[in-house]
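K.L.:
Structure: protein.txt, compact mmCIF, C-alpha atoms.
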# COMPACT_ATOMS: atom_id res chain seq x y z
CA LYS A 1 0.00 0.00 0.00
CA ALA A 2 1.39 3.40 -0.93
CA GLY A 3 2.27 5.77 1.88
CA VAL A 4 1.31 9.38 2.41
CA THR A 5 2.43 11.56 -0.46
CA GLN A 6 2.98 15.29 -0.42
CA THR A 7 3.55 17.67 -3.29
CA PRO A 8 5.58 19.60 -3.98
CA ARG A 9 8.57 18.47 -1.93
CA TYR A 10 10.33 21.81 -2.13
CA LEU A 11 8.99 25.28 -2.70
CA ILE A 12 10.51 28.75 -2.79
CA LYS A 13 8.23 31.76 -2.56
CA THR A 14 8.58 35.44 -1.80
CA ARG A 15 6.87 37.45 0.92
CA GLY A 16 3.29 38.35 0.15
CA GLN A 17 2.68 35.44 -2.17
CA GLN A 18 0.39 32.56 -1.42
CA VAL A 19 1.05 28.85 -1.59
CA THR A 20 -0.96 25.64 -1.77
CA LEU A 21 0.40 22.34 -0.53
CA SER A 22 -1.15 18.98 -1.33
CA CYS A 23 -1.40 15.76 0.64
CA SER A 24 -2.71 12.37 -0.44
CA PRO A 25 -3.35 10.03 2.50
CA ILE A 26 -2.85 6.31 2.63
CA SER A 27 -5.64 4.57 0.77
CA GLY A 28 -8.61 4.08 3.08
CA HIS A 29 -7.48 6.67 5.59
CA ARG A 30 -10.06 9.35 6.21
CA SER A 31 -8.27 11.65 8.63
CA VAL A 32 -5.58 14.08 7.56
CA SER A 33 -3.60 16.33 9.87
CA TRP A 34 -1.13 19.08 9.07
CA TYR A 35 1.90 20.17 11.09
CA GLN A 36 4.45 22.93 10.82
CA GLN A 37 7.98 22.16 11.92
CA THR A 38 10.62 24.82 12.50
CA PRO A 39 13.92 24.67 14.40
CA GLY A 40 12.70 27.26 16.88
CA GLN A 41 9.12 26.12 17.55
CA GLY A 42 9.41 22.40 16.94
CA LEU A 43 6.42 20.47 15.67
CA GLN A 44 3.20 22.45 15.82
CA PHE A 45 -0.26 21.21 14.98
CA LEU A 46 -2.06 23.21 12.29
CA PHE A 47 -5.37 21.45 11.70
CA GLU A 48 -7.05 18.11 11.16
CA TYR A 49 -9.72 17.05 8.69
CA PHE A 50 -12.02 14.10 8.73
CA SER A 51 -14.67 13.42 6.10
CA GLU A 52 -14.18 16.87 4.59
CA THR A 53 -14.75 18.60 7.96
CA GLN A 54 -12.18 20.44 10.00
CA ARG A 55 -12.27 18.82 13.44
CA ASN A 56 -9.35 20.53 15.13
CA LYS A 57 -7.34 23.67 14.65
CA GLY A 58 -4.10 24.80 16.20
CA ASN A 59 -3.07 28.34 17.14
CA PHE A 60 -2.24 29.72 13.75
CA PRO A 61 -3.50 32.90 12.08
CA GLY A 62 -6.29 32.84 9.54
CA ARG A 63 -3.72 33.03 6.74
CA PHE A 64 -3.40 29.30 7.20
CA SER A 65 -6.35 27.34 5.86
CA GLY A 66 -7.07 23.94 4.50
CA ARG A 67 -9.65 21.68 3.06
CA GLN A 68 -10.29 18.04 2.40
CA PHE A 69 -11.91 16.53 -0.65
CA SER A 70 -14.31 13.62 -0.90
CA ASN A 71 -11.43 11.28 -1.79
CA SER A 72 -9.71 12.33 1.48
CA ARG A 73 -6.96 14.24 -0.31
CA SER A 74 -6.19 17.47 1.48
CA GLU A 75 -4.75 20.83 0.59
CA MET A 76 -3.27 23.47 2.80
CA ASN A 77 -3.09 27.10 1.79
CA VAL A 78 -1.02 29.92 3.22
CA SER A 79 -1.81 33.41 2.03
CA THR A 80 0.31 36.54 2.32
CA LEU A 81 3.46 34.61 3.11
CA GLU A 82 5.83 35.90 5.78
CA LEU A 83 9.48 35.05 6.33
CA GLY A 84 8.50 33.15 9.47
CA ASP A 85 6.39 30.75 7.43
CA SER A 86 9.57 29.09 6.19
CA ALA A 87 9.27 25.58 7.57
CA LEU A 88 8.81 21.91 6.89
CA TYR A 89 5.10 21.20 6.49
CA LEU A 90 4.16 17.65 7.34
CA CYS A 91 0.94 15.89 6.54
CA ALA A 92 -0.20 12.78 8.40
CA SER A 93 -3.07 10.41 7.82
CA SER A 94 -4.87 7.92 10.02
CA LEU A 95 -7.68 5.49 9.50
CA THR A 96 -10.36 7.19 11.57
CA ASP A 97 -10.75 10.13 13.87
CA GLY A 98 -11.36 8.18 17.03
CA GLY A 99 -9.53 5.94 19.46
CA THR A 100 -5.80 5.81 19.31
CA ASP A 101 -5.10 5.32 15.64
CA THR A 102 -1.54 5.71 14.49
CA GLN A 103 -0.71 8.69 12.32
CA TYR A 104 1.51 8.03 9.34
CA PHE A 105 3.46 10.93 7.96
CA GLY A 106 4.39 11.98 4.48
CA PRO A 107 7.87 13.17 3.46
CA GLY A 108 6.93 16.82 3.97
CA THR A 109 7.06 19.97 1.89
CA ARG A 110 9.96 22.27 2.64
CA LEU A 111 8.82 25.85 2.11
CA THR A 112 11.31 28.68 1.92
CA VAL A 113 10.00 32.25 1.96
CA LEU A 114 12.42 34.90 0.68
CA ALA B 1 1.38 21.81 31.64
CA GLN B 2 3.21 20.09 28.84
CA LYS B 3 1.42 17.02 27.58
CA ILE B 4 4.66 15.34 26.47
CA THR B 5 8.07 16.01 27.96
CA GLN B 6 11.35 14.82 26.52
CA THR B 7 14.15 15.99 28.77
CA GLN B 8 17.11 14.87 26.66
CA PRO B 9 17.75 17.33 23.83
CA GLY B 10 20.68 15.25 22.61
CA MET B 11 22.28 11.91 23.32
CA PHE B 12 25.29 9.94 22.18
CA VAL B 13 25.54 6.17 22.09
CA GLN B 14 28.21 3.80 20.91
CA GLU B 15 27.33 1.58 17.98
CA LYS B 16 25.95 -1.81 19.07
CA GLU B 17 25.04 -0.56 22.53
CA ALA B 18 21.51 -0.05 23.85
CA VAL B 19 20.09 3.39 24.50
CA THR B 20 17.01 4.66 26.34
CA LEU B 21 15.21 7.82 25.29
CA ASP B 22 13.01 9.31 27.98
CA CYS B 23 9.42 10.45 27.65
CA THR B 24 6.90 11.46 30.27
CA TYR B 25 3.32 12.39 29.57
CA ASP B 26 0.44 14.11 31.26
CA THR B 27 -3.18 13.15 30.82
CA SER B 28 -6.28 12.49 32.89
CA ASP B 29 -7.93 10.51 30.11
CA PRO B 30 -7.95 6.78 30.93
CA SER B 31 -7.76 5.93 27.23
CA TYR B 32 -4.73 7.12 25.35
CA GLY B 33 -2.06 5.99 22.96
CA LEU B 34 1.64 6.63 23.06
CA PHE B 35 3.80 6.72 19.95
CA TRP B 36 7.42 7.08 19.01
CA TYR B 37 8.56 8.50 15.71
CA LYS B 38 11.99 8.77 14.13
CA GLN B 39 12.90 11.72 11.95
CA PRO B 40 16.12 11.39 9.94
CA SER B 41 17.72 14.45 8.41
CA SER B 42 15.61 13.91 5.30
CA GLY B 43 12.61 15.13 7.29
CA GLU B 44 10.13 12.29 7.03
CA MET B 45 8.58 11.16 10.31
CA ILE B 46 8.77 7.39 10.56
CA PHE B 47 6.42 5.57 12.92
CA LEU B 48 8.32 3.20 15.21
CA ILE B 49 6.14 1.83 17.97
CA TYR B 50 2.79 2.21 19.69
CA GLN B 51 1.60 1.52 23.25
CA GLY B 52 -2.03 1.68 24.29
CA SER B 53 -2.96 2.73 27.80
CA TYR B 54 -4.78 -0.54 28.41
CA ASP B 55 -2.03 -2.76 27.04
CA GLN B 56 -0.74 -5.07 29.72
CA GLN B 57 2.60 -5.75 28.10
CA ASN B 58 5.29 -3.42 26.86
CA ALA B 59 5.25 -2.98 23.11
CA THR B 60 8.14 -4.31 21.04
CA GLU B 61 8.99 -3.91 17.36
CA GLY B 62 12.26 -5.47 16.34
CA ARG B 63 15.06 -3.56 18.04
CA TYR B 64 12.60 -1.06 19.52
CA SER B 65 10.78 -1.57 22.78
CA LEU B 66 8.71 0.75 24.85
CA ASN B 67 9.22 0.74 28.61
CA PHE B 68 5.72 1.70 29.72
CA GLN B 69 5.35 2.67 33.37
CA LYS B 70 1.77 3.81 33.72
CA ALA B 71 1.88 4.93 37.33
CA ARG B 72 4.90 7.09 36.63
CA LYS B 73 3.41 8.27 33.31
CA SER B 74 6.53 7.42 31.43
CA ALA B 75 6.97 5.77 28.05
CA ASN B 76 10.67 5.42 27.38
CA LEU B 77 11.94 4.11 24.07
CA VAL B 78 14.69 1.51 24.22
CA ILE B 79 16.77 0.87 21.13
CA SER B 80 18.88 -2.25 21.39
CA ALA B 81 22.09 -2.81 19.42
CA SER B 82 22.29 0.74 18.04
CA GLN B 83 23.23 1.17 14.41
CA LEU B 84 24.69 4.18 12.62
CA GLY B 85 21.40 4.54 10.77
CA ASP B 86 19.65 5.14 14.07
CA SER B 87 21.15 8.63 14.21
CA ALA B 88 18.11 10.90 13.97
CA MET B 89 15.61 12.96 15.95
CA TYR B 90 13.17 10.91 18.00
CA PHE B 91 9.77 12.21 18.99
CA CYS B 92 7.42 10.90 21.61
CA ALA B 93 3.72 11.59 21.00
CA MET B 94 0.40 10.98 22.67
CA ARG B 95 -3.16 10.88 21.51
CA GLU B 96 -5.97 10.98 24.02
CA GLY B 97 -8.81 8.66 23.26
CA HIS B 98 -11.79 10.85 23.98
CA ASP B 99 -10.58 14.39 23.64
CA ASN B 100 -9.85 16.52 20.59
CA PHE B 101 -10.38 13.99 17.88
CA ASN B 102 -7.11 12.83 16.47
CA LYS B 103 -5.07 15.64 17.99
CA PHE B 104 -1.59 14.42 18.63
CA TYR B 105 0.69 16.00 21.19
CA PHE B 106 4.39 15.83 20.40
CA GLY B 107 7.41 16.29 22.59
CA SER B 108 10.33 18.52 21.67
CA GLY B 109 12.40 15.56 20.52
CA THR B 110 15.74 13.95 21.33
CA LYS B 111 18.59 14.03 18.85
CA LEU B 112 20.40 10.70 18.94
CA ASN B 113 23.92 10.37 17.59
CA VAL B 114 25.33 6.88 17.17
CA LYS B 115 29.13 6.82 17.24
CA PRO B 116 31.09 4.19 15.31
Would you give me this structure, written as structure tokens?
P.N.:
Amino acid sequence: KAGVTQTPRYLIKTRGQQVTLSCSPISGHRSVSWYQQTPGQGLQFLFEYFSETQRNKGNFPGRFSGRQFSNSRSEMNVSTLELGDSALYLCASSLTDGGTDTQYFGPGTRLTVL
Amino acid sequence: AQKITQTQPGMFVQEKEAVTLDCTYDTSDPSYGLFWYKQPSSGEMIFLIYQGSYDQQNATEGRYSLNFQKARKSANLVISASQLGDSAMYFCAMREGHDNFNKFYFGSGTKLNVKP
């Protein structure tokens, strides 16, 4: 079974631009979560989607948004990019939204904002 | 209070020796899961091992075992016979069974360096 895939793997943008990152979960997985990882802040939870509904959201400004499609694929959008948005963005999928399901991560998208 | 605490920012271990990475957690939920992930320099988070709060025995997966001490709220990862490829960041994580659907709490990580 294929793992979690994320595209693109690397991205360079300039301040003020917007960016869309894509995540395809493991087949059959219905929950997708997004994380931002930076050297200074560590791993921070962005949001989680299940069955096209956002179930959880971390403490990030409204510039960060996401959505999930009926096939469970998810996209994350960041508008009006700032230098501090440079980070590794990780997507993770799990089978359901309940219990103690394991999250499986994709390879990440490394975003650099110049 | 921190949900997951990893007190060792960095550790060194000699190749072929065993190493223990510490993790303590904080929850009042009786149902929870504990996870360990490995993150090599490439960035991908690799799932290693899982322990459920109701599991009677410590989880094991190959060279990885989880030393689960429920009363002390600790879930230490033990890597036996360390290999050079084990050099990476290791994250401890927890998911509570009934709260905040699918929200994982991660620790700050431990950077493990395996010396030849």
K.L.:
At a cut-off of 6 Å, using all atoms listed in the file, what residues contact Glu48 (chain A)? Leave out same-chain residues fewer than 2 positions from it and give the result as a list in words.
P.N.:
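Neighbouring residues, sequence-local ones excluded: Val32, Ser33, Gln54, Arg55 and Asn56 of chain A.
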K.L.:
Would you tabulate, counting only C-alpha atoms, all residues of chain A that have an atom at most 10 Å from an atom of chain B, showing the closest pair of atoms and their distance in Å to one decimal, sorted by chain then ascending number, as CSV?
P.N.:
residue,atom,partner,partner_atom,distance
A:Ser31,CA,B:Asn102,CA,8.0
A:Val32,CA,B:Asn102,CA,9.1
A:Ser33,CA,B:Asn102,CA,8.3
A:Gln37,CA,B:Gly43,CA,9.6
A:Gln41,CA,B:Ser108,CA,8.7
A:Gly42,CA,B:Ser108,CA,6.2
A:Leu43,CA,B:Phe106,CA,6.9
A:Gln44,CA,B:Phe106,CA,8.1
A:Phe45,CA,B:Phe104,CA,7.8
A:Leu46,CA,B:Lys103,CA,9.9
A:Phe47,CA,B:Lys103,CA,8.6
A:Glu48,CA,B:Asn102,CA,7.5
A:Tyr49,CA,B:Asn102,CA,9.2
A:Phe50,CA,B:Asn102,CA,9.3
A:Arg55,CA,B:Phe101,CA,6.8
A:Asn56,CA,B:Asn100,CA,6.8
A:Lys57,CA,B:Lys103,CA,9.0
A:Gly58,CA,B:Lys103,CA,9.4
A:Leu88,CA,B:Gly43,CA,7.8
A:Tyr89,CA,B:Gly43,CA,9.7
A:Leu90,CA,B:Glu44,CA,8.0
A:Cys91,CA,B:Met45,CA,9.7
A:Ala92,CA,B:Met45,CA,9.1
A:Ser93,CA,B:Asn102,CA,9.8
A:Ser94,CA,B:Asn102,CA,8.4
A:Thr96,CA,B:Asn102,CA,8.1
A:Asp97,CA,B:Asn102,CA,5.2
A:Gly98,CA,B:Phe101,CA,6.0
A:Gly99,CA,B:Gly97,CA,4.7
A:Thr100,CA,B:Gly33,CA,5.2
A:Asp101,CA,B:Asn102,CA,7.8
A:Thr102,CA,B:Tyr50,CA,7.6
A:Gln103,CA,B:Phe47,CA,7.8
A:Tyr104,CA,B:Phe47,CA,6.6
A:Phe105,CA,B:Met45,CA,5.6
A:Gly106,CA,B:Glu44,CA,6.3
A:Pro107,CA,B:Glu44,CA,4.3
A:Gly108,CA,B:Glu44,CA,6.3
A:Thr109,CA,B:Gly43,CA,9.1
A:Arg110,CA,B:Gly43,CA,8.9
K.L.:
Which polymer residues have any atom within 8 Å of an atom of Met76 (chain A), counting all atoms listed in the file, with same-chain residues fewer than 2 positions away left out, as a PyMOL selection string?
P.N.:
chain A and resi 20-22+34+64-67+74+78
K.L.:
Report as number ranges by chain all protein, DNA and RNA residues lying within 6 Å of region 9-17 of chain A, evaluated on all atoms listed in the file, omitting residues in the same chain fewer than 2 positions from it.
P.N.:
A: 7, 80-82, 109-114
K.L.:
Pick out the residues sitting within 10 Å of region 56-62 of chain B, and hand them over as a PyMOL selection string; count all atoms listed in the file, and ignore anything fewer than 5 positions along from it in its own chain.
P.N.:
chain B and resi 48-51+67-69+75+77-80
K.L.:
When you draw a straight line from CA of Gly3 (chain A) to CA of Tyr64 (chain B), how long is it in Å?
P.N.:
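Atom-to-atom, CA of Gly3 (chain A) and CA of Tyr64 (chain B) are spaced 21.6 Å apart.
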K.L.:
Rounded to one decimal place, report the CA of Pro30 (chain B)-CA of Asn76 (chain B) distance in Å.
P.N.:
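About the pair CA of Pro30 (chain B) and CA of Asn76 (chain B): they are 19.0 Å apart.
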